[in-house]
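See structure below.
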Amino acid sequence: MKATIRWLGRQNYLRCWQAMQQFTDARHEDTVDEFWLLEHDPVFTQGQNGKAEHVLAAGPIPVIQTDRGGQVTYHGPGQLMIYT
């Protein structure tokens, strides 16, 4: 199995999510798999099972509705994210 590992540093969640969607849409059978390692600016993501009342006190931290499963998850500096 061939794969490319990319360290992307600190990323805005929404821009990263859009880049992942673009990468997936552009894939073909010869596209090498990629692992994206990064951390996000502070953000709450709300999955399909999440509800607005699940976010108790977001303050200035944005809440982004996503197409993933689950409820509400905090992402932020110092938390390593690995996307495949």
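The way I read the labels, and the way they are meant: chains A, B, ... in the order of the structure tokens, residue 1 as the first residue of every chain, and ligand 1 as the first ligand shown, with later ones counted on from there.
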
Picked from region 1-60 of chain A by DSSP as strand (DSSP E or B), as a list in words | Ala3, Thr4, Ile5, Arg6, Trp7, Leu8, Gly9, Arg10, Gln11, Asp33, Glu34, Phe35, Trp36, Leu37, Leu38, Glu39, His40, Val43, Phe44, Thr45 and Gln46 of chain A

Suppose we keep N, CA and C atoms; can you now write the selection as a PDB file, in the first residue's frame?
ATOM      1  N   ALA A   3       1.080   5.362   0.418  1.00  0.00           N
ATOM      2  CA  ALA A   3       0.328   6.462   1.029  1.00  0.00           C
ATOM      3  C   ALA A   3       1.264   7.644   1.220  1.00  0.00           C
ATOM      4  N   THR A   4       0.683   8.818   1.175  1.00  0.00           N
ATOM      5  CA  THR A   4       1.408  10.051   1.439  1.00  0.00           C
ATOM      6  C   THR A   4       0.959  10.574   2.791  1.00  0.00           C
ATOM      7  N   ILE A   5       1.922  10.930   3.632  1.00  0.00           N
ATOM      8  CA  ILE A   5       1.608  11.516   4.934  1.00  0.00           C
ATOM      9  C   ILE A   5       1.929  13.000   4.863  1.00  0.00           C
ATOM     10  N   ARG A   6       0.952  13.829   5.206  1.00  0.00           N
ATOM     11  CA  ARG A   6       1.130  15.282   5.142  1.00  0.00           C
ATOM     12  C   ARG A   6       0.908  15.900   6.521  1.00  0.00           C
ATOM     13  N   TRP A   7       1.900  16.661   6.998  1.00  0.00           N
ATOM     14  CA  TRP A   7       1.725  17.471   8.202  1.00  0.00           C
ATOM     15  C   TRP A   7       1.272  18.842   7.734  1.00  0.00           C
ATOM     16  N   LEU A   8       0.055  19.244   8.082  1.00  0.00           N
ATOM     17  CA  LEU A   8      -0.529  20.491   7.596  1.00  0.00           C
ATOM     18  C   LEU A   8      -0.543  21.595   8.644  1.00  0.00           C
ATOM     19  N   GLY A   9      -0.058  21.315   9.842  1.00  0.00           N
ATOM     20  CA  GLY A   9      -0.025  22.351  10.878  1.00  0.00           C
ATOM     21  C   GLY A   9      -1.423  22.682  11.380  1.00  0.00           C
ATOM     22  N   ARG A  10      -1.592  23.932  11.781  1.00  0.00           N
ATOM     23  CA  ARG A  10      -2.883  24.381  12.322  1.00  0.00           C
ATOM     24  C   ARG A  10      -3.763  24.876  11.178  1.00  0.00           C
ATOM     25  N   GLN A  11      -4.980  24.337  11.115  1.00  0.00           N
ATOM     26  CA  GLN A  11      -5.880  24.608   9.996  1.00  0.00           C
ATOM     27  C   GLN A  11      -7.264  25.034  10.466  1.00  0.00           C
ATOM     28  N   ASP A  33      -3.367   7.134  -1.645  1.00  0.00           N
ATOM     29  CA  ASP A  33      -4.039   7.508  -0.401  1.00  0.00           C
ATOM     30  C   ASP A  33      -3.207   8.540   0.348  1.00  0.00           C
ATOM     31  N   GLU A  34      -3.878   9.378   1.119  1.00  0.00           N
ATOM     32  CA  GLU A  34      -3.192  10.394   1.905  1.00  0.00           C
ATOM     33  C   GLU A  34      -3.673  10.359   3.344  1.00  0.00           C
ATOM     34  N   PHE A  35      -2.758  10.602   4.256  1.00  0.00           N
ATOM     35  CA  PHE A  35      -3.050  10.822   5.666  1.00  0.00           C
ATOM     36  C   PHE A  35      -2.739  12.283   5.941  1.00  0.00           C
ATOM     37  N   TRP A  36      -3.712  13.010   6.429  1.00  0.00           N
ATOM     38  CA  TRP A  36      -3.512  14.425   6.767  1.00  0.00           C
ATOM     39  C   TRP A  36      -3.417  14.531   8.277  1.00  0.00           C
ATOM     40  N   LEU A  37      -2.288  15.018   8.769  1.00  0.00           N
ATOM     41  CA  LEU A  37      -2.068  15.230  10.193  1.00  0.00           C
ATOM     42  C   LEU A  37      -2.095  16.729  10.440  1.00  0.00           C
ATOM     43  N   LEU A  38      -2.902  17.157  11.405  1.00  0.00           N
ATOM     44  CA  LEU A  38      -3.060  18.584  11.639  1.00  0.00           C
ATOM     45  C   LEU A  38      -3.721  18.835  12.979  1.00  0.00           C
ATOM     46  N   GLU A  39      -3.818  20.095  13.330  1.00  0.00           N
ATOM     47  CA  GLU A  39      -4.642  20.525  14.456  1.00  0.00           C
ATOM     48  C   GLU A  39      -5.521  21.657  13.945  1.00  0.00           C
ATOM     49  N   HIS A  40      -6.642  21.866  14.604  1.00  0.00           N
ATOM     50  CA  HIS A  40      -7.589  22.883  14.157  1.00  0.00           C
ATOM     51  C   HIS A  40      -7.574  24.103  15.066  1.00  0.00           C
ATOM     52  N   VAL A  43     -12.926  24.961  17.448  1.00  0.00           N
ATOM     53  CA  VAL A  43     -14.196  24.782  16.742  1.00  0.00           C
ATOM     54  C   VAL A  43     -14.965  23.631  17.394  1.00  0.00           C
ATOM     55  N   PHE A  44     -16.287  23.747  17.403  1.00  0.00           N
ATOM     56  CA  PHE A  44     -17.157  22.625  17.734  1.00  0.00           C
ATOM     57  C   PHE A  44     -17.738  22.125  16.425  1.00  0.00           C
ATOM     58  N   THR A  45     -17.693  20.803  16.197  1.00  0.00           N
ATOM     59  CA  THR A  45     -18.390  20.241  15.049  1.00  0.00           C
ATOM     60  C   THR A  45     -19.592  19.472  15.568  1.00  0.00           C
ATOM     61  N   GLN A  46     -20.681  19.621  14.863  1.00  0.00           N
ATOM     62  CA  GLN A  46     -21.928  18.970  15.262  1.00  0.00           C
ATOM     63  C   GLN A  46     -22.303  17.966  14.192  1.00  0.00           C
TER      64      GLN A  46
END

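One finds CA of Pro42 (chain A) at 10.8 Å from CA of Thr73 (chain A).
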
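Proximity of A:Asp41, A:Asp30, A:Ala19, A:Leu14 to Pro77 (chain A), computed with only C-alpha atoms, is greatest for A:Asp41.
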
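Among the candidate residues A:Asn49, A:Tyr83, A:Thr24, A:Lys2, the one lying nearest to Thr66 (chain A) is A:Asn49, with distances computed using only C-alpha atoms.
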
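The gap separating CA of Thr84 (chain A) from CA of Val55 (chain A) is 27.0 Å, in Å to one decimal.
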
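Taking CA of Ala57 (chain A) and CA of Gly69 (chain A) as the two end points, the separation is 21.7 Å.
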
Chain A: residues DSSP assigns to helix (DSSP H, G or I), reported as a ChimeraX atom specification | /A:13-26,52-54

Write out as a ChimeraX atom specification each polymer residue whose atoms come within 10 Å of Ala52 (chain A), counting only C-alpha atoms; drop sequence neighbours fewer than 5 positions from it.
-> /A:46,63,65,71-72

Keeping only N, CA and C atoms, write the selected residues as a compact mmCIF listing (two decimals), in the first residue's frame.
# COMPACT_ATOMS: atom_id res chain seq x y z
N GLN A 46 -20.68 19.62 14.86
CA GLN A 46 -21.93 18.97 15.26
C GLN A 46 -22.30 17.97 14.19
N VAL A 63 -19.54 26.89 15.81
CA VAL A 63 -20.16 25.56 15.77
C VAL A 63 -20.49 25.29 14.31
N GLN A 65 -21.99 22.60 11.50
CA GLN A 65 -22.77 21.39 11.21
C GLN A 65 -22.03 20.58 10.16
N GLN A 71 -22.43 13.35 17.69
CA GLN A 71 -23.04 14.55 18.23
C GLN A 71 -22.07 15.72 18.13
N VAL A 72 -21.67 16.30 19.26
CA VAL A 72 -20.81 17.48 19.24
C VAL A 72 -19.41 17.11 19.70

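Across A:Ile61, A:Leu56, A:Met1, A:Asp67, the tightest approach to Gln21 (chain A) is made by A:Asp67 when counting only C-alpha atoms.
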